[in-house]
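**Q** Okay, here's the structure, questions in a sec.
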Amino acid sequence: MNEAKHYRTLILGGYGGMGQALLLLGAPFIASFDRVLVLEREQVEPAVPVDALFLRGDIEDVSFLSEVLHKNGGPSLLVNLCSSTDTYHIRKVVSRYGGAYLDTSCSVIRGVDEHRYSRLMPHTFRPTMNRAPHFTCCGVNPGVVEIIARKIIRDTFPKARRFDILFFENDQFHVPLDGGRVGVSWSAETLVDEVMLTPTFYIKEGRPVELDSPPTLTVGTRWGDRHHDARLVGHEEIWNLQRVEKILVDNSFFSYAFHDAVTNVLQGDANRAHGSLMRPGDAIPVSGTDTLAVRVVEKSSGNQRTLVWTTDHAAMWRRWGINGVQFQVASSLLFFLDLLLRSGDWSTGRLWCGSDMPLERFGWDVVDGLLDTYGIEWKEANGLDLCVEEGPFAGDG
């Protein structure tokens, strides 16, 4: 890992839940760098001892970020773990100093109150003058789910060209909190924005569809013999699928289900939800599971295959002191970071996501091996018979 020492300095932007999880799970990866810097807006104390220098500052502050990159003294790799940032703006700064870059989500647009993916995604993929590879939308969802969709197609339908690619998530994260607060497994701010302030976005009969206004559509979903209320949200991977070569996506959506306590909050007012939802402290025991599912339907035959990745929140908390979603995201980050370090000359000056990075350049045996290495355990789940029971995909999903 990082044997060629292409990037001597690792810079982590953000020390929230995902930054802590990455430092915890990624010790071998982190040890391959000569220097590790952590950039955080607030003064923080590391949750666990780490061999890293913590610097207080805003990753979107051009003068601060430029000074950090200028002083690092060699090629660097910046991992943006902050939510609600203008990733294009940050990539431009990183590009000036020849650094590699990776983030986990789409860009916001600075100074603009904009939540539509039809605006955010083109901004995300704006080119910069980067010499090193830049990876965007490379977490678990978006990111690894796109890799799994491509893997299903490659392994199961190698000669087919038209598909429905459907994404489901069922996060039953639960923790009792005082004062009417409701616990969530990741950034409450981003969750509210995604579910309550962003219009539903999906692909229907080969065409992108974005509703005129938020909130997202409420739909019923079936997971085997169980019904769950869910939200049909917009999401980066739905947009990114249009970048996969040699296939046509007829239908695609992301159905997101939650514990009843979270569902109830998300049905109300967004400002109230911002005040009610929170990711609990690391010392508070949690329970429930988070299950991600990717279902691919080959259109001409109707044959389908579903893979799922289930993580037990309580088990991850007992073992690592983090919840299941933190584990999923950190493991996925390590997967993509490992791929980035293996990138060759073909990646010079390019911007990749999980849907368009040329995985054959790495070799699918390498991809499969890294999924195993980082505990990204997708399993067969055709028997779940996942579907949406109402809304624009009723009977189709």
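Following the order of the structure tokens, first chain is A, next is B, and so on, with residues numbered from 1 inside each chain and ligands from 1 in the order they appear.
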If you take only C-alpha atoms and a cut-off of 9 Å, which residues of region 158-224 of chain A touch region 70-88 of chain A, and what are their nearest atom pairs and distances in Å to one decimal, in chain and number order, as a tab-separated table?
**A**
```
residue	atom	partner	partner_atom	distance
A:Ser187	CA	A:Ser83	CA	7.9
A:Glu189	CA	A:Ser83	CA	8.6
A:Thr190	CA	A:Ser83	CA	6.8
```
**Q** Contacts of region 273-276 of chain A at 10 Å or less, counting only C-alpha atoms, minus same-chain residues fewer than 4 places along, as a PyMOL selection string?
**A** chain A and resi 179-183+188-193+196+262+264-269
**Q** Keeping only C-alpha atoms, write those residues as a PDB file, in the first residue's frame.
**A**
```pdb
ATOM      1  CA  GLY A 179     -34.962  15.744  25.630  1.00  0.00           C
ATOM      2  CA  GLY A 180     -36.957  14.512  22.666  1.00  0.00           C
ATOM      3  CA  ARG A 181     -33.850  14.093  20.515  1.00  0.00           C
ATOM      4  CA  VAL A 182     -33.725  11.275  17.953  1.00  0.00           C
ATOM      5  CA  GLY A 183     -30.487   9.553  17.036  1.00  0.00           C
ATOM      6  CA  ALA A 188     -28.184  14.920  10.641  1.00  0.00           C
ATOM      7  CA  GLU A 189     -27.753  18.097   8.590  1.00  0.00           C
ATOM      8  CA  THR A 190     -27.057  16.178   5.396  1.00  0.00           C
ATOM      9  CA  LEU A 191     -29.862  13.696   6.066  1.00  0.00           C
ATOM     10  CA  VAL A 192     -32.423  16.493   6.453  1.00  0.00           C
ATOM     11  CA  ASP A 193     -31.162  18.200   3.300  1.00  0.00           C
ATOM     12  CA  MET A 196     -36.643  17.108   3.181  1.00  0.00           C
ATOM     13  CA  VAL A 262     -36.582   8.964  12.440  1.00  0.00           C
ATOM     14  CA  ASN A 264     -41.727  10.519  12.142  1.00  0.00           C
ATOM     15  CA  VAL A 265     -39.297  13.441  12.426  1.00  0.00           C
ATOM     16  CA  LEU A 266     -38.688  13.511   8.665  1.00  0.00           C
ATOM     17  CA  GLN A 267     -42.419  13.858   8.046  1.00  0.00           C
ATOM     18  CA  GLY A 268     -42.492  17.221   9.815  1.00  0.00           C
ATOM     19  CA  ASP A 269     -40.794  20.600   9.424  1.00  0.00           C
TER      20      ASP A 269
END
```
**Q** List as a list in words the protein and nucleic acid residues near Phe33 (chain A), meaning an atom at most 7 Å away when only C-alpha atoms are counted, but skip any in the same chain fewer than 5 places from it.
**A**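 Within the cut-off, the hits are Arg8, Thr9 and Leu10 of chain A.
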**Q** How would the residues just chosen look if you wrote them out with C-alpha atoms as a PDB file, in the first residue's frame?
**A**
```pdb
ATOM      1  CA  ARG A   8       3.946  11.448   1.073  1.00  0.00           C
ATOM      2  CA  THR A   9       1.349  13.506   2.914  1.00  0.00           C
ATOM      3  CA  LEU A  10      -2.215  12.456   3.682  1.00  0.00           C
TER       4      LEU A  10
END
```
**Q** In Å, rounded to a single decimal, give me how far CA of Arg222 (chain A) is from CA of Gly375 (chain A).
**A**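 Atom-to-atom, CA of Gly375 (chain A) and CA of Arg222 (chain A) are spaced 27.0 Å apart.
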**Q** Could you check the closest approach to Val244 (chain A) for each of A:Glu114, A:Asp225, A:Asp356, A:Asp61 and tell me which residue wins, using only C-alpha atoms?
**A**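 Looking only at the distances to Val244 (chain A), the closest residue turns out to be A:Asp356.
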